[in-house]
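S.K.: File data_3.txt below, compact mmCIF, C-alpha atoms:
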# COMPACT_ATOMS: atom_id res chain seq x y z
CA MET A 1 48.95 36.54 -40.89
CA THR A 2 45.37 37.68 -40.43
CA SER A 3 44.43 40.40 -37.99
CA GLU A 4 42.56 37.77 -35.93
CA GLN A 5 45.72 35.71 -35.53
CA ASN A 6 47.55 38.91 -34.66
CA GLY A 7 45.00 39.65 -31.99
CA MET A 8 45.27 36.16 -30.50
CA LYS A 9 49.04 36.37 -30.44
CA GLY A 10 48.82 39.78 -28.79
CA TRP A 11 46.60 38.46 -25.99
CA TRP A 12 48.79 35.43 -25.48
CA SER A 13 51.95 37.58 -25.17
CA ILE A 14 50.20 39.81 -22.62
CA LEU A 15 49.22 36.73 -20.60
CA LYS A 16 52.76 35.34 -20.73
CA ARG A 17 54.52 38.60 -19.84
CA PRO A 18 55.35 39.03 -16.14
CA SER A 19 53.43 41.85 -14.57
CA ALA A 20 55.45 45.00 -14.05
CA LYS A 21 52.59 46.88 -12.44
CA TYR A 22 51.05 44.48 -9.87
CA SER A 23 52.80 42.67 -7.05
CA LEU A 24 52.78 38.88 -6.93
CA LEU A 25 50.86 39.08 -3.64
CA GLY A 26 48.26 41.36 -5.22
CA LEU A 27 47.81 38.99 -8.14
CA LEU A 28 47.55 35.98 -5.82
CA VAL A 29 44.97 37.67 -3.58
CA ALA A 30 42.93 38.86 -6.56
CA GLY A 31 43.13 35.40 -8.16
CA PHE A 32 42.14 33.68 -4.92
CA ALA A 33 39.23 36.05 -4.30
CA SER A 34 37.89 35.81 -7.84
CA GLY A 35 38.34 32.02 -7.67
CA ILE A 36 36.06 31.91 -4.63
CA ILE A 37 33.51 34.15 -6.33
CA PHE A 38 33.44 32.15 -9.58
CA TRP A 39 33.41 28.79 -7.80
CA GLY A 40 30.69 29.95 -5.42
CA GLY A 41 28.69 31.31 -8.34
CA PHE A 42 29.06 28.08 -10.27
CA ASN A 43 27.99 25.95 -7.33
CA THR A 44 25.09 28.26 -6.48
CA GLY A 45 23.90 27.99 -10.07
CA MET A 46 24.33 24.23 -9.94
CA GLU A 47 22.35 24.02 -6.69
CA ALA A 48 19.59 26.13 -8.23
CA THR A 49 19.09 23.34 -10.78
CA ASN A 50 18.61 20.93 -7.87
CA THR A 51 15.53 22.63 -6.45
CA MET A 52 12.04 21.25 -6.90
CA GLU A 53 10.91 24.55 -8.43
CA PHE A 54 13.49 24.14 -11.19
CA CYS A 55 12.56 20.50 -11.80
CA ILE A 56 8.86 21.25 -12.18
CA GLY A 57 9.57 24.31 -14.30
CA CYS A 58 8.47 22.31 -17.32
CA HIS A 59 4.96 20.95 -17.67
CA GLU A 60 6.26 17.48 -18.59
CA MET A 61 7.46 17.00 -15.01
CA LYS A 62 4.82 19.12 -13.29
CA ASP A 63 1.76 17.47 -14.86
CA ASN A 64 2.99 13.89 -14.66
CA VAL A 65 5.57 12.70 -12.15
CA TYR A 66 5.19 15.66 -9.77
CA GLU A 67 1.43 15.17 -9.46
CA GLU A 68 2.02 11.52 -8.62
CA TYR A 69 4.86 12.24 -6.21
CA LYS A 70 2.62 14.68 -4.29
CA THR A 71 0.46 11.75 -3.17
CA THR A 72 3.39 9.77 -1.76
CA ILE A 73 5.18 9.58 1.58
CA HIS A 74 8.32 11.20 0.20
CA TYR A 75 6.33 14.42 -0.30
CA SER A 76 4.17 14.44 2.82
CA ASN A 77 4.53 12.40 5.98
CA ARG A 78 4.15 12.34 9.76
CA THR A 79 7.55 13.84 10.59
CA GLY A 80 7.71 16.49 7.89
CA VAL A 81 10.89 15.31 6.22
CA ARG A 82 10.64 15.76 2.47
CA ALA A 83 12.78 14.21 -0.24
CA VAL A 84 12.67 16.46 -3.30
CA CYS A 85 13.38 15.36 -6.89
CA SER A 86 17.14 15.81 -6.70
CA ASP A 87 17.44 13.88 -3.42
CA CYS A 88 16.56 10.72 -5.34
CA HIS A 89 17.58 11.57 -8.89
CA VAL A 90 20.84 13.54 -8.55
CA PRO A 91 23.97 12.15 -6.84
CA LYS A 92 25.26 14.20 -3.91
CA ASP A 93 29.00 13.88 -4.55
CA TRP A 94 30.45 16.40 -6.94
CA THR A 95 31.90 14.16 -9.66
CA HIS A 96 28.82 11.99 -10.12
CA LYS A 97 26.61 15.07 -9.84
CA MET A 98 28.49 16.72 -12.72
CA ILE A 99 28.22 13.57 -14.84
CA ARG A 100 24.46 13.40 -14.14
CA LYS A 101 24.03 17.10 -14.97
CA VAL A 102 25.86 16.70 -18.27
CA LYS A 103 23.71 13.68 -19.13
CA ALA A 104 20.62 15.68 -18.17
CA SER A 105 21.37 18.03 -21.06
CA TYR A 106 19.88 15.28 -23.26
CA GLU A 107 16.62 15.89 -21.38
CA VAL A 108 16.77 19.51 -22.55
CA TRP A 109 16.97 18.15 -26.10
CA GLY A 110 13.92 16.02 -25.33
CA LYS A 111 12.11 19.13 -24.14
CA LEU A 112 13.03 21.10 -27.27
CA THR A 113 11.94 18.32 -29.60
CA GLY A 114 8.71 17.66 -27.66
CA LYS A 115 9.53 14.00 -26.99
CA ILE A 116 7.11 13.74 -24.03
CA ASP A 117 5.06 16.92 -24.39
CA THR A 118 1.67 15.18 -24.13
CA LYS A 119 0.29 12.68 -21.59
CA GLU A 120 0.13 10.02 -24.30
CA LYS A 121 3.76 10.56 -25.33
CA PHE A 122 4.82 10.53 -21.67
CA GLU A 123 3.05 7.22 -21.06
CA ALA A 124 4.50 5.74 -24.25
CA ASN A 125 7.99 6.58 -23.01
CA ARG A 126 7.43 5.96 -19.29
CA LEU A 127 8.81 2.42 -19.19
CA ALA A 128 11.98 3.34 -21.10
CA MET A 129 12.57 6.39 -18.88
CA ALA A 130 11.87 4.45 -15.69
CA GLU A 131 14.13 1.58 -16.68
CA ARG A 132 16.94 3.99 -17.50
CA GLU A 133 16.63 5.55 -14.05
CA TRP A 134 16.36 2.18 -12.26
CA THR A 135 19.51 0.99 -14.06
CA ARG A 136 21.32 4.15 -12.97
CA MET A 137 20.19 3.66 -9.36
CA LYS A 138 21.13 -0.02 -9.31
CA ALA A 139 24.58 0.70 -10.73
CA ARG A 140 25.33 2.81 -7.66
CA ASP A 141 23.72 0.46 -5.12
CA SER A 142 20.76 2.83 -4.66
CA ILE A 143 23.03 5.41 -3.05
CA GLU A 144 20.35 8.12 -3.20
CA CYS A 145 18.01 5.91 -1.14
CA ARG A 146 20.82 4.94 1.20
CA ASN A 147 21.69 8.57 1.89
CA CYS A 148 18.74 8.33 4.32
CA HIS A 149 17.84 4.62 4.63
CA SER A 150 19.98 1.66 5.60
CA PHE A 151 19.39 -2.00 6.40
CA ASP A 152 21.35 -1.61 9.66
CA ALA A 153 19.17 1.23 10.92
CA MET A 154 15.96 -0.77 10.50
CA SER A 155 14.52 -1.68 13.88
CA PRO A 156 12.95 -5.13 14.24
CA GLU A 157 10.71 -3.67 16.93
CA LEU A 158 9.52 -0.64 14.99
CA GLN A 159 9.36 -2.02 11.47
CA LYS A 160 6.48 -4.36 10.67
CA LYS A 161 7.45 -8.00 10.80
CA THR A 162 6.92 -8.91 7.16
CA PRO A 163 8.83 -5.96 5.68
CA TYR A 164 11.61 -6.50 8.24
CA LYS A 165 11.88 -10.17 7.27
CA LYS A 166 11.98 -9.24 3.58
CA HIS A 167 14.57 -6.52 4.18
CA MET A 168 16.87 -8.91 6.04
CA GLU A 169 16.47 -11.51 3.29
CA ALA A 170 17.33 -8.82 0.73
CA LYS A 171 20.38 -7.78 2.73
CA ALA A 172 21.61 -11.39 2.94
CA ALA A 173 21.03 -11.82 -0.80
CA GLY A 174 23.03 -8.65 -1.53
CA LYS A 175 20.05 -6.88 -3.04
CA THR A 176 19.74 -3.12 -3.29
CA CYS A 177 16.70 -0.89 -2.61
CA ILE A 178 15.69 -0.39 -6.24
CA ASP A 179 15.57 -4.15 -6.86
CA CYS A 180 12.18 -4.14 -5.09
CA HIS A 181 11.13 -0.52 -4.55
CA GLN A 182 10.31 0.64 -8.06
CA GLY A 183 7.56 3.20 -8.42
CA ILE A 184 7.45 4.35 -4.79
CA ALA A 185 7.16 8.02 -5.70
CA HIS A 186 5.67 7.72 -9.18
CA ARG A 187 3.17 5.54 -10.97
CA LEU A 188 4.62 2.30 -12.26
CA PRO A 189 4.73 1.95 -16.05
CA LYS A 190 1.66 0.16 -17.39
CA GLY A 191 2.05 -3.59 -17.44
CA PHE A 192 5.27 -3.50 -15.41
CA LYS A 193 5.64 -6.53 -13.18
CA LYS A 194 7.98 -6.42 -10.20
CA PRO A 195 10.50 -9.23 -10.26
CA GLY A 196 9.99 -11.91 -7.60
CA THR A 197 6.22 -11.60 -7.44
CA GLU A 198 5.29 -14.63 -9.48
CA GLU A 199 1.75 -14.75 -10.73
CA GLU A 200 -0.12 -17.69 -12.10
CA ASP A 201 -2.67 -17.03 -14.83
CA MET B 1 -36.04 -13.63 -45.38
CA LYS B 2 -38.19 -13.34 -42.29
CA SER B 3 -35.95 -15.67 -40.33
CA LEU B 4 -32.91 -13.68 -41.44
CA ALA B 5 -34.48 -10.47 -40.13
CA ALA B 6 -35.35 -12.21 -36.87
CA PHE B 7 -31.78 -13.49 -36.55
CA ALA B 8 -30.38 -10.02 -37.25
CA SER B 9 -32.57 -8.35 -34.67
CA THR B 10 -31.67 -11.01 -32.07
CA ALA B 11 -28.00 -10.49 -32.82
CA VAL B 12 -28.35 -6.72 -32.44
CA LEU B 13 -30.17 -7.19 -29.14
CA ALA B 14 -27.56 -9.61 -27.85
CA LEU B 15 -24.74 -7.30 -28.87
CA SER B 16 -26.29 -4.24 -27.25
CA ALA B 17 -26.97 -6.26 -24.09
CA THR B 18 -23.33 -7.29 -23.97
CA ALA B 19 -22.21 -3.72 -24.54
CA PHE B 20 -24.57 -2.51 -21.80
CA SER B 21 -23.42 -5.07 -19.28
CA THR B 22 -19.77 -4.28 -20.08
CA ALA B 23 -20.43 -0.61 -19.50
CA VAL B 24 -22.11 -1.26 -16.16
CA TYR B 25 -19.88 -3.99 -14.76
CA ALA B 26 -16.63 -3.16 -16.51
CA LEU B 27 -13.77 -4.54 -14.46
CA ASP B 28 -10.47 -3.04 -15.53
CA VAL B 29 -8.19 -5.99 -14.86
CA GLU B 30 -5.05 -4.21 -16.06
CA ALA B 31 -5.71 -1.21 -13.79
CA ALA B 32 -6.37 -3.53 -10.85
CA LYS B 33 -3.16 -5.46 -11.47
CA GLY B 34 -1.30 -2.15 -11.77
CA LEU B 35 -2.63 -0.88 -8.44
CA ALA B 36 -1.81 -4.21 -6.77
CA GLU B 37 1.70 -3.99 -8.16
CA GLN B 38 2.09 -0.37 -7.05
CA ASN B 39 1.08 -1.30 -3.50
CA ASN B 40 3.21 -4.45 -3.34
CA CYS B 41 0.10 -6.58 -2.66
CA MET B 42 1.72 -9.49 -4.46
CA GLN B 43 4.57 -9.58 -1.94
CA CYS B 44 2.19 -11.27 0.52
CA HIS B 45 -0.71 -12.39 -1.69
CA SER B 46 -0.99 -14.44 -4.83
CA LEU B 47 -3.93 -15.11 -7.11
CA ARG B 48 -4.47 -18.77 -6.21
CA LYS B 49 -1.66 -19.72 -3.81
CA ASP B 50 -1.52 -18.81 -0.14
CA LYS B 51 1.62 -16.91 0.84
CA ASP B 52 2.00 -14.87 4.04
CA GLY B 53 -1.53 -13.73 3.30
CA PRO B 54 -4.42 -15.70 1.79
CA SER B 55 -4.77 -16.00 -1.97
CA PHE B 56 -7.23 -13.70 -3.73
CA MET B 57 -9.13 -16.85 -4.73
CA LYS B 58 -9.63 -17.71 -1.05
CA THR B 59 -10.92 -14.21 -0.32
CA ALA B 60 -13.31 -14.49 -3.28
CA GLU B 61 -14.60 -17.83 -1.92
CA LYS B 62 -15.02 -16.36 1.58
CA TYR B 63 -17.21 -13.53 0.30
CA LYS B 64 -19.02 -15.48 -2.42
CA GLY B 65 -22.67 -14.42 -2.59
CA LYS B 66 -22.35 -12.10 0.41
CA ALA B 67 -23.72 -8.59 0.32
CA GLY B 68 -21.26 -5.77 0.94
CA ALA B 69 -18.28 -7.92 -0.08
CA VAL B 70 -16.66 -5.12 -2.09
CA ASP B 71 -16.90 -2.71 0.85
CA GLU B 72 -15.43 -5.31 3.20
CA VAL B 73 -12.45 -5.88 0.92
CA ILE B 74 -11.92 -2.12 0.54
CA LYS B 75 -11.94 -1.76 4.34
CA HIS B 76 -9.41 -4.57 4.58
CA MET B 77 -7.14 -2.78 2.12
CA THR B 78 -7.41 0.69 3.57
CA LEU B 79 -7.90 0.57 7.35
CA GLY B 80 -4.63 -1.10 8.34
CA LYS B 81 -6.31 -3.53 10.73
CA ASP B 82 -4.53 -6.43 12.40
CA VAL B 83 -4.35 -9.45 10.12
CA LYS B 84 -3.23 -13.01 10.80
CA LEU B 85 -0.23 -14.22 8.82
CA ALA B 86 0.40 -17.76 7.63
CA ASP B 87 2.79 -18.41 10.54
CA GLY B 88 0.06 -17.62 13.08
CA THR B 89 1.41 -14.22 14.11
CA SER B 90 -0.39 -11.01 13.33
CA GLU B 91 0.52 -7.55 12.08
CA LYS B 92 -1.18 -4.51 10.69
CA HIS B 93 -2.20 -4.80 7.05
CA LYS B 94 -0.57 -2.35 4.67
CA ILE B 95 -2.78 0.57 3.72
CA ALA B 96 -3.34 0.59 -0.03
CA LYS B 97 -2.74 3.98 -1.63
CA THR B 98 -3.99 5.38 -4.89
CA MET B 99 -2.89 8.21 -7.17
CA PRO B 100 -4.76 10.53 -6.74
CA ALA B 101 -5.19 9.80 -3.04
CA ASN B 102 -8.25 7.89 -1.77
CA ASP B 103 -9.66 7.26 -5.22
CA LYS B 104 -12.69 5.11 -4.38
CA ALA B 105 -13.16 3.99 -7.99
CA GLN B 106 -9.63 2.54 -8.14
CA LEU B 107 -10.05 0.77 -4.79
CA LYS B 108 -13.44 -0.60 -5.82
CA ASN B 109 -11.97 -1.88 -9.06
CA LEU B 110 -9.16 -3.65 -7.17
CA ALA B 111 -11.63 -5.15 -4.67
CA GLU B 112 -13.81 -6.40 -7.51
CA TYR B 113 -10.74 -7.89 -9.18
CA VAL B 114 -9.82 -9.75 -5.96
CA LEU B 115 -13.38 -11.05 -5.68
CA SER B 116 -13.36 -12.17 -9.32
CA ILE B 117 -10.54 -14.69 -8.96
CA GLN B 118 -11.95 -18.17 -9.49
CA PRO B 119 -10.32 -21.58 -9.13
CA LYS B 120 -8.83 -22.82 -12.39
Turn this file's structure into structure tokens for me.
M.R.:
Amino acid sequence: MTSEQNGMKGWWSILKRPSAKYSLLGLLVAGFASGIIFWGGFNTGMEATNTMEFCIGCHEMKDNVYEEYKTTIHYSNRTGVRAVCSDCHVPKDWTHKMIRKVKASYEVWGKLTGKIDTKEKFEANRLAMAEREWTRMKARDSIECRNCHSFDAMSPELQKKTPYKKHMEAKAAGKTCIDCHQGIAHRLPKGFKKPGTEEED
Amino acid sequence: MKSLAAFASTAVLALSATAFSTAVYALDVEAAKGLAEQNNCMQCHSLRKDKDGPSFMKTAEKYKGKAGAVDEVIKHMTLGKDVKLADGTSEKHKIAKTMPANDKAQLKNLAEYVLSIQPK
């Protein structure tokens, strides 16, 4: 047996042995308190990755999508309510948020390999990236949009007639926000044509 | 030989004239279509068919040969004035937005595109 295996076995036997020094209550209280601290720390760290400052920490986001987003209503509007990156791109519930964060690690790989490190590369990949995000949004019935917006809360008096009519048609047809509202906070990929807007040559 | 030289110089002249006119009146159709798509123009308008709003072809006919047509179309796109819909009712026209904001060149290009739509 190697000394490493010896060491492992030693640690394991310490962990298994009942404590002779500390009371059960003491151990429970210490475990509970450190659980809160670690959990709080983990969630605080996780929330830090949800801030706009974190998202635009890399120039790929700052110089492209952030610059575009700054000109839209989700950044600046009459009532001063702002939707930041994570409000639309990261699920709110814990499980889906964790899944999204794990998947986002692929984006770190993209950063390291310089996949979109120039404007040209970004534009070349924009359609693929956008479609991936639209698919994700559609799969969850545009939940990130619906955290704030809903068909039922739309007022026929306050919303303009044409959009209201189209929204009610969409509701009846079982459509979801992202079926029509692509590119509301970012530039649409070049040549992208929204479905349902037929165009004769 | 002389006629060949004359032909060559004419061709060069014609080519440079084409290049010059393209540079001056270059209409970026793809950019215009992109901006129209971004602003959901095609939800209510179509190139040659009337929908809730008139077709671009109809707008082009309306302003044909008129001075200040481009400015009028830009105003229509950006001032959010009351417009009449196909069903006779009216509502405020959507205000077209550009990235970066209020980019006159992009709006002008879109207006020129609208005014360029001819009957087939």
S.K.: Quick one, how far is CA of Pro100 in chain B from CA of Ala36 in chain B?
M.R.: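 Result for CA of Pro100 in chain B versus CA of Ala36 in chain B: 15.0 Å, one decimal.
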S.K.: Do a neighbour search on range 41-50 of chain A at 8 Å with only C-alpha atoms, toss out local chain neighbours closer than 6 positions, and write the hits as a list of chain:residue names.
M.R.: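 Contacts, in chain order: A:Cys85, A:Ser86, A:Val90.
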S.K.: Using only C-alpha atoms and a distance of at most 9 Å, pull out the residues of chain B that contact chain A, as an NGL selection string.
M.R.: :B and (30-31 or 33-35 or 37-40 or 42-44 or 46-49 or 52 or 90-92 or 97-101 or 120)
S.K.: What gap, in Å, lies between CA of Glu53 in chain A and CA of Thr95 in chain A?
M.R.: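 For CA of Glu53 in chain A relative to CA of Thr95 in chain A, the distance reads 23.5 Å.
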S.K.: Give me, please, the distance in Å between CA of Glu112 in chain B and CA of His45 in chain B, quoted to one decimal.
M.R.: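 CA of Glu112 in chain B sits 15.5 Å away from CA of His45 in chain B.
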